[in-house]
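Enquirer: Got a file for you: my_file-v9.txt, compact mmCIF, C-alpha atoms and all ligand atoms.
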# COMPACT_ATOMS: atom_id res chain seq x y z
CA MET S 287 -7.00 20.05 -21.31
CA ASN S 288 -10.58 19.14 -22.12
CA ALA S 289 -12.66 17.34 -19.53
CA LEU S 290 -12.84 13.56 -19.79
CA ARG S 291 -16.27 11.93 -19.71
CA ILE S 292 -16.28 8.49 -18.09
CA SER S 293 -18.14 6.20 -20.49
CA ARG S 294 -17.47 2.72 -19.18
CA ILE S 295 -16.00 0.88 -16.20
CA GLU S 296 -14.77 -2.68 -16.30
CA VAL S 297 -13.93 -4.73 -13.22
CA ARG S 298 -12.13 -8.05 -13.12
CA HIS S 299 -11.20 -10.39 -10.33
CA LEU S 300 -7.76 -11.98 -10.61
CA ARG S 301 -5.88 -14.69 -8.78
CA MET S 302 -2.10 -14.93 -8.92
CA PRO S 303 0.02 -17.45 -7.02
CA LEU S 304 2.58 -15.83 -4.70
CA ARG S 305 6.14 -17.18 -4.72
CA PHE S 306 6.01 -17.43 -0.93
CA ARG S 307 3.55 -17.78 1.91
CA PHE S 308 3.06 -14.36 3.51
CA GLU S 309 2.11 -14.52 7.17
CA THR S 310 1.10 -11.60 9.39
CA SER S 311 -0.47 -11.41 12.85
CA PHE S 312 -3.90 -11.59 11.15
CA GLY S 313 -3.34 -14.61 8.90
CA ALA S 314 -1.37 -16.20 6.06
CA THR S 315 -1.78 -16.30 2.29
CA SER S 316 -0.08 -17.92 -0.71
CA GLU S 317 -2.22 -16.25 -3.34
CA LYS S 318 -2.93 -12.69 -4.41
CA SER S 319 -6.70 -12.36 -4.97
CA PHE S 320 -7.71 -8.87 -6.10
CA LEU S 321 -9.85 -6.63 -8.28
CA LEU S 322 -8.59 -4.60 -11.21
CA VAL S 323 -10.62 -1.62 -12.41
CA GLN S 324 -10.37 -0.07 -15.86
CA VAL S 325 -12.09 3.25 -16.60
CA PHE S 326 -12.74 4.35 -20.16
CA ALA S 327 -13.33 7.83 -21.57
CA GLY S 328 -14.33 8.73 -25.13
CA ASP S 329 -12.01 7.88 -28.05
CA GLY S 330 -10.77 4.65 -26.47
CA ALA S 331 -8.74 6.36 -23.72
CA TRP S 332 -8.46 4.28 -20.56
CA GLY S 333 -6.70 4.00 -17.23
CA VAL S 334 -6.28 1.16 -14.78
CA GLY S 335 -6.33 0.90 -10.98
CA GLU S 336 -5.60 -2.02 -8.68
CA CYS S 337 -7.74 -2.51 -5.59
CA VAL S 338 -5.90 -3.44 -2.35
CA ALA S 339 -8.83 -5.31 -0.76
CA GLU S 340 -8.32 -8.97 0.11
CA ASP S 341 -10.76 -11.90 0.36
CA HIS S 342 -11.17 -11.34 4.12
CA PRO S 343 -11.75 -8.42 6.53
CA TYR S 344 -8.74 -9.18 8.79
CA TYR S 345 -6.57 -6.20 7.80
CA LEU S 346 -9.35 -3.64 7.37
CA PRO S 347 -13.14 -4.12 7.02
CA GLU S 348 -13.41 -4.15 3.21
CA THR S 349 -13.23 -7.39 1.21
CA ASN S 350 -13.20 -8.11 -2.52
CA ARG S 351 -16.93 -8.83 -2.31
CA THR S 352 -17.83 -5.61 -0.47
CA VAL S 353 -15.73 -3.70 -3.00
CA LEU S 354 -17.50 -5.32 -5.95
CA HIS S 355 -20.89 -4.51 -4.40
CA VAL S 356 -20.01 -0.89 -3.68
CA LEU S 357 -18.45 -0.41 -7.12
CA ARG S 358 -21.45 -1.88 -8.92
CA ASP S 359 -24.23 -0.30 -6.87
CA PHE S 360 -22.80 3.06 -5.77
CA LEU S 361 -19.45 4.19 -7.15
CA ALA S 362 -19.89 3.33 -10.84
CA PRO S 363 -23.34 5.04 -10.95
CA ALA S 364 -21.81 8.13 -9.26
CA ILE S 365 -19.13 8.58 -11.92
CA LEU S 366 -20.46 7.09 -15.19
CA GLY S 367 -21.40 9.80 -17.67
CA ARG S 368 -19.73 12.48 -15.54
CA SER S 369 -17.03 14.73 -16.94
CA LEU S 370 -13.82 15.14 -14.97
CA GLU S 371 -11.64 18.24 -15.24
CA SER S 372 -8.99 16.52 -13.16
CA PRO S 373 -8.57 13.28 -11.20
CA ASP S 374 -9.11 15.34 -8.04
CA ASP S 375 -12.80 15.56 -9.06
CA VAL S 376 -13.35 11.86 -8.37
CA SER S 377 -13.31 12.09 -4.59
CA SER S 378 -16.01 14.80 -4.57
CA LEU S 379 -18.29 12.62 -6.73
CA PHE S 380 -17.85 9.88 -4.11
CA ALA S 381 -18.22 12.16 -1.08
CA ALA S 382 -21.77 11.03 -0.19
CA ILE S 383 -20.61 7.42 0.17
CA ARG S 384 -19.15 6.84 3.60
CA GLY S 385 -16.05 4.71 4.06
CA HIS S 386 -15.19 2.07 1.45
CA GLN S 387 -11.83 3.69 0.80
CA MET S 388 -10.40 0.68 -1.05
CA ALA S 389 -13.32 0.60 -3.48
CA LYS S 390 -13.10 4.37 -4.03
CA ALA S 391 -9.35 4.24 -4.51
CA ALA S 392 -9.56 1.59 -7.23
CA ILE S 393 -11.61 3.88 -9.51
CA GLU S 394 -9.76 7.00 -8.43
CA MET S 395 -6.35 5.51 -9.21
CA ALA S 396 -7.65 4.37 -12.60
CA ALA S 397 -8.74 7.97 -13.25
CA TRP S 398 -5.23 9.25 -12.40
CA ASP S 399 -3.72 6.72 -14.81
CA LEU S 400 -6.28 7.77 -17.46
CA PHE S 401 -5.36 11.47 -17.15
CA ALA S 402 -1.64 10.69 -17.24
CA ARG S 403 -2.08 8.56 -20.39
CA VAL S 404 -4.21 11.21 -22.12
CA ARG S 405 -1.58 13.83 -21.28
CA ASN S 406 1.08 11.37 -22.48
CA GLU S 407 3.15 11.81 -19.33
CA PRO S 408 4.24 9.59 -16.44
CA LEU S 409 1.81 9.40 -13.53
CA ALA S 410 4.52 10.93 -11.30
CA LYS S 411 4.30 14.15 -13.36
CA THR S 412 0.47 14.23 -13.26
CA LEU S 413 0.70 13.82 -9.47
CA GLY S 414 2.99 16.84 -9.27
CA GLY S 415 6.02 14.81 -8.24
CA ASP S 416 9.52 14.59 -9.66
CA PRO S 417 9.65 11.68 -12.14
CA LEU S 418 13.46 11.67 -11.96
CA ARG S 419 13.51 11.06 -8.22
CA SER S 420 14.81 7.61 -7.35
CA VAL S 421 12.69 5.66 -4.94
CA GLU S 422 14.29 4.01 -1.91
CA ALA S 423 13.14 0.41 -1.58
CA GLY S 424 12.54 -1.51 1.64
CA VAL S 425 11.08 -4.98 2.17
CA SER S 426 8.40 -6.45 4.37
CA ILE S 427 9.21 -9.96 5.61
CA GLY S 428 6.34 -12.06 6.93
CA LEU S 429 6.35 -14.25 10.03
CA GLN S 430 8.56 -17.31 9.37
CA PRO S 431 8.31 -20.86 10.75
CA ASP S 432 11.47 -20.37 12.83
CA ILE S 433 14.27 -17.91 13.54
CA SER S 434 16.77 -19.55 11.18
CA SER S 435 14.34 -19.16 8.23
CA LEU S 436 13.86 -15.55 9.23
CA MET S 437 17.63 -14.99 9.36
CA ARG S 438 18.01 -16.47 5.87
CA ARG S 439 15.33 -14.12 4.54
CA VAL S 440 16.85 -11.07 6.21
CA SER S 441 20.35 -11.92 4.95
CA ALA S 442 19.07 -12.38 1.39
CA GLU S 443 17.22 -9.03 1.39
CA VAL S 444 20.13 -7.14 2.94
CA ALA S 445 22.42 -8.69 0.29
CA ALA S 446 19.96 -7.67 -2.44
CA GLY S 447 20.48 -4.03 -1.39
CA TYR S 448 17.19 -3.16 0.32
CA ARG S 449 17.53 0.00 2.36
CA ARG S 450 15.47 -1.14 5.31
CA ILE S 451 14.07 -4.36 6.61
CA LYS S 452 10.61 -4.66 8.13
CA ILE S 453 9.54 -7.83 9.89
CA LYS S 454 6.08 -8.83 10.97
CA ILE S 455 5.62 -9.55 14.68
CA LYS S 456 2.91 -10.82 17.03
CA PRO S 457 2.90 -11.54 20.77
CA GLY S 458 5.33 -14.38 21.49
CA HIS S 459 7.06 -13.85 18.12
CA ASP S 460 8.62 -10.48 18.63
CA LEU S 461 11.61 -9.63 20.84
CA ASP S 462 13.47 -12.86 20.08
CA LEU S 463 13.21 -12.16 16.36
CA VAL S 464 14.53 -8.63 16.68
CA ARG S 465 17.29 -9.73 19.07
CA ALA S 466 18.48 -12.38 16.60
CA ILE S 467 18.52 -9.92 13.69
CA ARG S 468 20.32 -7.24 15.70
CA ALA S 469 23.02 -9.76 16.75
CA GLU S 470 23.96 -10.23 13.11
CA PHE S 471 22.90 -6.86 11.66
CA PRO S 472 23.53 -4.26 14.36
CA LYS S 473 23.26 -1.25 12.02
CA THR S 474 20.74 -2.28 9.33
CA PRO S 475 17.72 0.03 9.30
CA LEU S 476 15.08 -2.19 10.89
CA MET S 477 11.44 -1.90 11.90
CA VAL S 478 8.58 -4.12 13.04
CA ASP S 479 4.89 -4.27 12.04
CA ALA S 480 2.37 -5.76 14.49
CA ASN S 481 -0.82 -5.24 12.44
CA SER S 482 -2.75 -4.41 15.63
CA ALA S 483 -1.78 -7.56 17.53
CA TYR S 484 -1.10 -5.89 20.92
CA GLU S 485 -3.08 -4.13 23.61
CA LEU S 486 -2.14 -1.09 25.66
CA ALA S 487 -1.82 -3.42 28.69
CA GLN S 488 1.26 -4.88 26.94
CA ALA S 489 3.05 -1.51 26.89
CA GLU S 490 5.92 -2.90 28.97
CA ARG S 491 6.62 -5.57 26.36
CA LEU S 492 6.45 -2.96 23.59
CA ARG S 493 8.83 -0.75 25.56
CA SER S 494 11.39 -3.59 25.47
CA PHE S 495 11.85 -2.91 21.74
CA ASP S 496 13.48 0.41 22.67
CA GLU S 497 16.88 -1.20 23.22
CA PHE S 498 17.11 -2.39 19.58
CA ASP S 499 17.28 0.98 17.85
CA LEU S 500 14.31 0.36 15.55
CA MET S 501 13.28 3.02 13.04
CA MET S 502 9.67 2.56 14.17
CA ILE S 503 7.03 0.15 15.37
CA GLU S 504 4.08 -0.02 12.98
CA GLN S 505 0.45 -0.21 14.18
CA PRO S 506 0.99 -2.02 17.49
CA LEU S 507 -2.55 -1.44 18.83
CA ALA S 508 -6.15 -1.62 17.56
CA TRP S 509 -6.74 -0.70 13.91
CA ASP S 510 -9.46 1.82 14.79
CA ASP S 511 -8.06 3.39 17.94
CA MET S 512 -5.54 6.18 17.76
CA VAL S 513 -6.26 7.45 21.28
CA GLN S 514 -4.67 4.27 22.66
CA HIS S 515 -1.67 4.84 20.41
CA ALA S 516 -1.44 8.40 21.79
CA ARG S 517 -1.31 6.90 25.30
CA LEU S 518 1.36 4.42 24.28
CA GLN S 519 3.68 6.75 22.34
CA PRO S 520 5.03 8.72 25.37
CA MET S 521 5.89 5.40 27.04
CA LEU S 522 8.23 4.44 24.15
CA ARG S 523 11.40 5.89 22.72
CA THR S 524 10.73 4.12 19.40
CA PRO S 525 8.43 6.16 17.13
CA ILE S 526 5.02 4.65 16.40
CA CYS S 527 4.06 4.51 12.73
CA LEU S 528 0.35 4.25 11.96
CA ASP S 529 -0.93 2.17 9.04
CA GLU S 530 -4.47 0.75 9.58
CA SER S 531 -5.64 3.79 11.62
CA ILE S 532 -4.94 6.33 8.86
CA THR S 533 -7.86 6.09 6.45
CA SER S 534 -8.08 9.75 5.36
CA PRO S 535 -6.26 13.11 5.51
CA GLU S 536 -8.50 14.02 8.46
CA ALA S 537 -7.39 10.90 10.31
CA ALA S 538 -3.77 11.88 9.64
CA GLU S 539 -4.40 15.38 11.05
CA ASN S 540 -6.09 13.93 14.11
CA ALA S 541 -3.33 11.41 14.74
CA ILE S 542 -0.66 14.12 14.50
CA SER S 543 -2.59 16.54 16.70
CA ILE S 544 -2.93 14.02 19.54
CA ARG S 545 0.67 12.76 18.96
CA ALA S 546 -0.48 9.21 18.31
CA CYS S 547 2.48 8.60 15.99
CA GLY S 548 5.78 10.04 14.78
CA ILE S 549 5.61 8.52 11.30
CA ILE S 550 2.81 7.67 8.83
CA ASN S 551 2.56 4.83 6.30
CA ILE S 552 0.59 5.97 3.22
CA LYS S 553 -1.22 3.39 1.11
CA ALA S 554 -3.35 5.02 -1.56
CA GLY S 555 -5.79 2.10 -1.42
CA ARG S 556 -6.38 2.57 2.31
CA VAL S 557 -6.94 6.35 2.19
CA GLY S 558 -9.37 6.49 -0.75
CA GLY S 559 -6.84 7.17 -3.50
CA LEU S 560 -3.98 9.29 -4.74
CA SER S 561 -5.58 12.71 -4.10
CA SER S 562 -5.89 11.83 -0.40
CA SER S 563 -2.37 10.40 -0.42
CA LYS S 564 -1.05 13.70 -1.77
CA ARG S 565 -2.92 15.65 0.89
CA ILE S 566 -1.58 13.41 3.65
CA GLN S 567 1.99 13.79 2.46
CA THR S 568 1.51 17.60 2.39
CA ILE S 569 0.02 17.68 5.89
CA CYS S 570 2.83 15.50 7.20
CA ALA S 571 5.54 17.57 5.49
CA GLU S 572 4.13 20.72 7.12
CA LYS S 573 4.07 19.06 10.54
CA GLY S 574 7.50 17.44 10.20
CA ILE S 575 6.09 13.89 10.18
CA PRO S 576 8.06 11.58 7.84
CA VAL S 577 5.97 9.41 5.53
CA TRP S 578 6.66 6.29 3.49
CA CYS S 579 4.67 4.25 1.02
CA GLY S 580 3.22 0.96 2.23
CA GLY S 581 2.37 -2.05 0.12
CA MET S 582 -0.33 -4.72 -0.13
CA LEU S 583 1.50 -7.41 -2.13
CA GLU S 584 0.31 -5.65 -5.28
CA SER S 585 0.70 -6.95 -8.79
CA GLY S 586 2.90 -4.81 -11.04
CA ILE S 587 -0.04 -2.52 -11.82
CA GLY S 588 -0.64 -1.39 -8.24
CA ARG S 589 3.08 -1.62 -7.53
CA LEU S 590 3.85 0.92 -10.29
CA ALA S 591 1.23 3.32 -8.90
CA ASN S 592 3.11 3.07 -5.58
CA VAL S 593 6.39 3.80 -7.36
CA HIS S 594 4.94 6.96 -8.96
CA LEU S 595 3.39 8.13 -5.67
CA GLN S 596 6.88 8.11 -4.18
CA SER S 597 7.93 10.83 -6.63
CA LEU S 598 6.43 13.29 -4.11
CA PRO S 599 8.93 15.00 -1.80
CA GLY S 600 7.32 13.97 1.51
CA PHE S 601 8.24 10.31 1.02
CA ILE S 602 11.54 10.56 2.86
CA LEU S 603 11.77 7.03 4.26
CA PRO S 604 12.21 3.77 2.28
CA GLY S 605 8.84 2.10 1.60
CA ASP S 606 7.50 -1.44 1.24
CA THR S 607 7.74 -1.35 -2.58
CA SER S 608 10.06 -4.22 -3.46
CA ALA S 609 10.84 -6.07 -6.69
CA SER S 610 8.07 -7.83 -8.66
CA ALA S 611 10.22 -10.96 -8.83
CA ARG S 612 10.02 -11.38 -5.04
CA TYR S 613 6.26 -11.96 -5.33
CA PHE S 614 5.46 -13.43 -8.74
CA GLU S 615 6.98 -15.85 -11.25
CA GLU S 616 5.36 -13.69 -13.89
CA ASP S 617 4.04 -10.20 -13.18
CA LEU S 618 1.32 -8.41 -15.17
CA ILE S 619 3.77 -5.78 -16.44
CA GLU S 620 6.89 -6.06 -18.55
CA PRO S 621 9.48 -5.59 -17.28
CA GLY S 622 8.48 -6.02 -13.65
CA VAL S 623 9.43 -3.47 -10.98
CA GLU S 624 13.18 -3.84 -10.45
CA VAL S 625 15.36 -2.77 -7.56
CA SER S 626 19.02 -1.88 -8.13
CA LYS S 627 21.90 -3.24 -6.01
CA GLU S 628 21.84 0.15 -4.29
CA GLY S 629 18.22 -0.48 -3.24
CA LEU S 630 16.71 2.08 -5.61
CA ILE S 631 13.78 1.95 -8.05
CA ARG S 632 13.69 4.12 -11.16
CA ILE S 633 10.31 5.65 -11.97
CA PRO S 634 9.28 4.49 -15.48
CA LEU S 635 8.77 7.46 -17.78
CA GLY S 636 6.18 6.02 -20.19
CA PRO S 637 2.60 7.36 -20.09
CA GLY S 638 0.48 6.60 -17.01
CA ILE S 639 1.94 3.93 -14.75
CA GLY S 640 4.71 3.87 -17.34
CA GLN S 641 5.20 0.25 -18.40
CA GLU S 642 3.46 -2.19 -20.71
CA ILE S 643 0.66 -4.28 -19.25
CA VAL S 644 0.72 -7.84 -20.58
CA TRP S 645 -3.03 -8.24 -21.19
CA SER S 646 -2.74 -11.92 -22.07
CA ARG S 647 -1.44 -12.52 -18.54
CA VAL S 648 -4.21 -10.36 -17.09
CA ASP S 649 -6.76 -12.42 -19.02
CA GLY S 650 -5.13 -15.65 -17.89
CA ALA S 651 -5.43 -14.66 -14.21
CA THR S 652 -9.03 -13.37 -14.52
CA ASP S 653 -11.88 -15.51 -13.15
CA HIS S 654 -14.68 -12.94 -13.16
CA ARG S 655 -15.41 -9.89 -15.25
CA GLU S 656 -18.20 -7.33 -15.41
CA ALA S 657 -18.65 -3.92 -17.00
CA TRP S 658 -21.01 -0.98 -16.71
CA SER S 659 -21.60 1.76 -19.26
CA ALA S 660 -22.97 5.29 -19.14
CA ALA S 661 -26.51 5.69 -20.39
O1 LIG G 701 0.53 -4.08 7.16
O2 LIG G 701 1.76 -3.29 5.66
C1 LIG G 701 0.97 -4.14 6.03
C2 LIG G 701 0.59 -6.80 3.31
C3 LIG G 701 -0.78 -7.04 3.38
C4 LIG G 701 -1.53 -6.38 4.32
C5 LIG G 701 -0.93 -5.47 5.18
C6 LIG G 701 0.43 -5.21 5.10
C7 LIG G 701 1.20 -5.91 4.18
C8 LIG G 701 2.64 -5.78 4.08
C9 LIG G 701 3.26 -6.19 2.77
O3 LIG G 701 3.37 -5.46 4.98
C10 LIG G 701 4.00 -5.13 2.05
C11 LIG G 701 4.34 -5.61 0.65
O4 LIG G 701 5.31 -6.34 0.50
O5 LIG G 701 3.58 -5.26 -0.28
MG MG G 702 1.35 -2.40 8.13
Represent the supplied structure as structure tokens.
Expert:
Amino acid sequence: MNALRISRIEVRHLRMPLRFRFETSFGATSEKSFLLVQVFAGDGAWGVGECVAEDHPYYLPETNRTVLHVLRDFLAPAILGRSLESPDDVSSLFAAIRGHQMAKAAIEMAAWDLFARVRNEPLAKTLGGDPLRSVEAGVSIGLQPDISSLMRRVSAEVAAGYRRIKIKIKPGHDLDLVRAIRAEFPKTPLMVDANSAYELAQAERLRSFDEFDLMMIEQPLAWDDMVQHARLQPMLRTPICLDESITSPEAAENAISIRACGIINIKAGRVGGLSSSKRIQTICAEKGIPVWCGGMLESGIGRLANVHLQSLPGFILPGDTSASARYFEEDLIEPGVEVSKEGLIRIPLGPGIGQEIVWSRVDGATDHREAWSAA
């Protein structure tokens, strides 16, 4: 295929109400506030990427405003007017810019979608995955006001067919929640996500989770410290899964080599894009580390990219990709991402992310827009 020259980049900021309040150890939100990036090549070809940054730096350091700044002042100038042989070229154009993985990933994922659309194939195929693979869906349930609300949520998601339940925890809202769920659902695949709310000094408390047969405990300790996780892991029977700490393939290699975790959560937005995600899943497959695909409450656009990423063989555990209808009254794609009664998602086989984007809804949710063109 001929190289594609990037002629124009358009960024929008969107706000979409969430159907529920999502609370984690770092805060609560009832709205999805995010950036959408469209890259254009000659002849009207385009691709779209959703940025996973939020309004605040409580999950990871980037915010929507830092992303907009880095896109405008550094990433767009590095790629505009450049010709790409493949979407893998994007990360080398960005190599001089340190960090800012979410900003990089937004353009990079748009470039993957662009190549898939130009080749008239589903993104899963462009990624080298199996588009006919069915994706196992799990759900992430936020902190609830009380245990009975949590139990209602868990029962509803188990009944909907989800293949594993993840609940958010924080100190003081942890063992009681898991104990209550286990009393009613002794065998349901279950895990917890602390989003860095604990310290190594609380290892005894974390060890108490061992009796509940959890699949894993996600990111218990500091977001930027895998050495502490490596100290904690031998004290637990439950595998540690790293999320926040894995920001690149190198970080994944380091974490595995010091045995900081037994499982890795891959979010393309957190690791700088889909090329890095592919490399991480390859590294993990070689080392026998299971991976799964995380989520960031994405709209249908980012959600579909997650669905396609899970066409790769290393994704052997159910992820956090759940149905669009859980999050939004009206998603940006039609139809939304759907999950079968068996807890499976079919990868859409249309070009790129594979389903129609409803641009009138995108426009309706947009409150800021800017674009940059090649000279
Ligand atoms: O830690 O995985 C996380 C949402 C926002 C920020 C961080 C996380 C999450 C989720 C939600 O767990 C997963 C989803 O439903 O998209
Ligand atoms: Mg997490």
Enquirer: Using all atoms listed in the file, find each protein or nucleic acid residue lying at most 9 Å from ligand MG 702 (chain G); present the set as a list in words.
Expert: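 Those within range of ligand MG 702 (chain G) are Tyr345, Ser426, Lys454, Val478, Asp479, Ala480, Asn481, Ser482, Glu504, Gln505, Cys527, Leu528, Asp529, Glu530, Asn551, Gly580, Gly581 and Met582 of chain S.
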Enquirer: Write the residues of the selection above to a file with C-alpha atoms, as a PDB file, in the coordinates of the input.
Expert:
ATOM      1  CA  TYR S 345      -6.570  -6.200   7.800  1.00  0.00           C
ATOM      2  CA  SER S 426       8.400  -6.450   4.370  1.00  0.00           C
ATOM      3  CA  LYS S 454       6.080  -8.830  10.970  1.00  0.00           C
ATOM      4  CA  VAL S 478       8.580  -4.120  13.040  1.00  0.00           C
ATOM      5  CA  ASP S 479       4.890  -4.270  12.040  1.00  0.00           C
ATOM      6  CA  ALA S 480       2.370  -5.760  14.490  1.00  0.00           C
ATOM      7  CA  ASN S 481      -0.820  -5.240  12.440  1.00  0.00           C
ATOM      8  CA  SER S 482      -2.750  -4.410  15.630  1.00  0.00           C
ATOM      9  CA  GLU S 504       4.080  -0.020  12.980  1.00  0.00           C
ATOM     10  CA  GLN S 505       0.450  -0.210  14.180  1.00  0.00           C
ATOM     11  CA  CYS S 527       4.060   4.510  12.730  1.00  0.00           C
ATOM     12  CA  LEU S 528       0.350   4.250  11.960  1.00  0.00           C
ATOM     13  CA  ASP S 529      -0.930   2.170   9.040  1.00  0.00           C
ATOM     14  CA  GLU S 530      -4.470   0.750   9.580  1.00  0.00           C
ATOM     15  CA  ASN S 551       2.560   4.830   6.300  1.00  0.00           C
ATOM     16  CA  GLY S 580       3.220   0.960   2.230  1.00  0.00           C
ATOM     17  CA  GLY S 581       2.370  -2.050   0.120  1.00  0.00           C
ATOM     18  CA  MET S 582      -0.330  -4.720  -0.130  1.00  0.00           C
TER      19      MET S 582
END
Enquirer: Residues within 12 Å of (3.0, 7.0, 22.4), file coordinates, counting all atoms listed in the file: what are they? Give the list as a PyMOL selection string.
Expert: chain S and resi 486+489+492-493+502-507+512-528+541-542+544-549
Enquirer: Would you mind listing what lies within 12 Å of Ala442 in chain S as a PDB file with C-alpha atoms, in the frame of the given file, with only C-alpha atoms counted and same-chain residues fewer than 6 positions away left out?
Expert:
ATOM      1  CA  VAL S 425      11.080  -4.980   2.170  1.00  0.00           C
ATOM      2  CA  ILE S 427       9.210  -9.960   5.610  1.00  0.00           C
ATOM      3  CA  SER S 435      14.340 -19.160   8.230  1.00  0.00           C
ATOM      4  CA  LEU S 436      13.860 -15.550   9.230  1.00  0.00           C
ATOM      5  CA  TYR S 448      17.190  -3.160   0.320  1.00  0.00           C
ATOM      6  CA  ILE S 451      14.070  -4.360   6.610  1.00  0.00           C
ATOM      7  CA  ARG S 612      10.020 -11.380  -5.040  1.00  0.00           C
TER       8      ARG S 612
END
Enquirer: Could you pull out every residue with an atom within 6 Å of (-9.1, -5.9, -7.9), file coordinates, counting only C-alpha atoms, and send them as a ChimeraX atom specification?
Expert: /S:299,320-322,336-337
Enquirer: Name the closest residue to ligand LIG 701 (chain G) among the candidates S:Gly555, S:Gly333, S:Gly447, S:Gly414; distances are taken between atoms, counting only C-alpha atoms and all ligand atoms.
Expert: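 Answer, going by the shortest atom-to-atom distance: S:Gly555.
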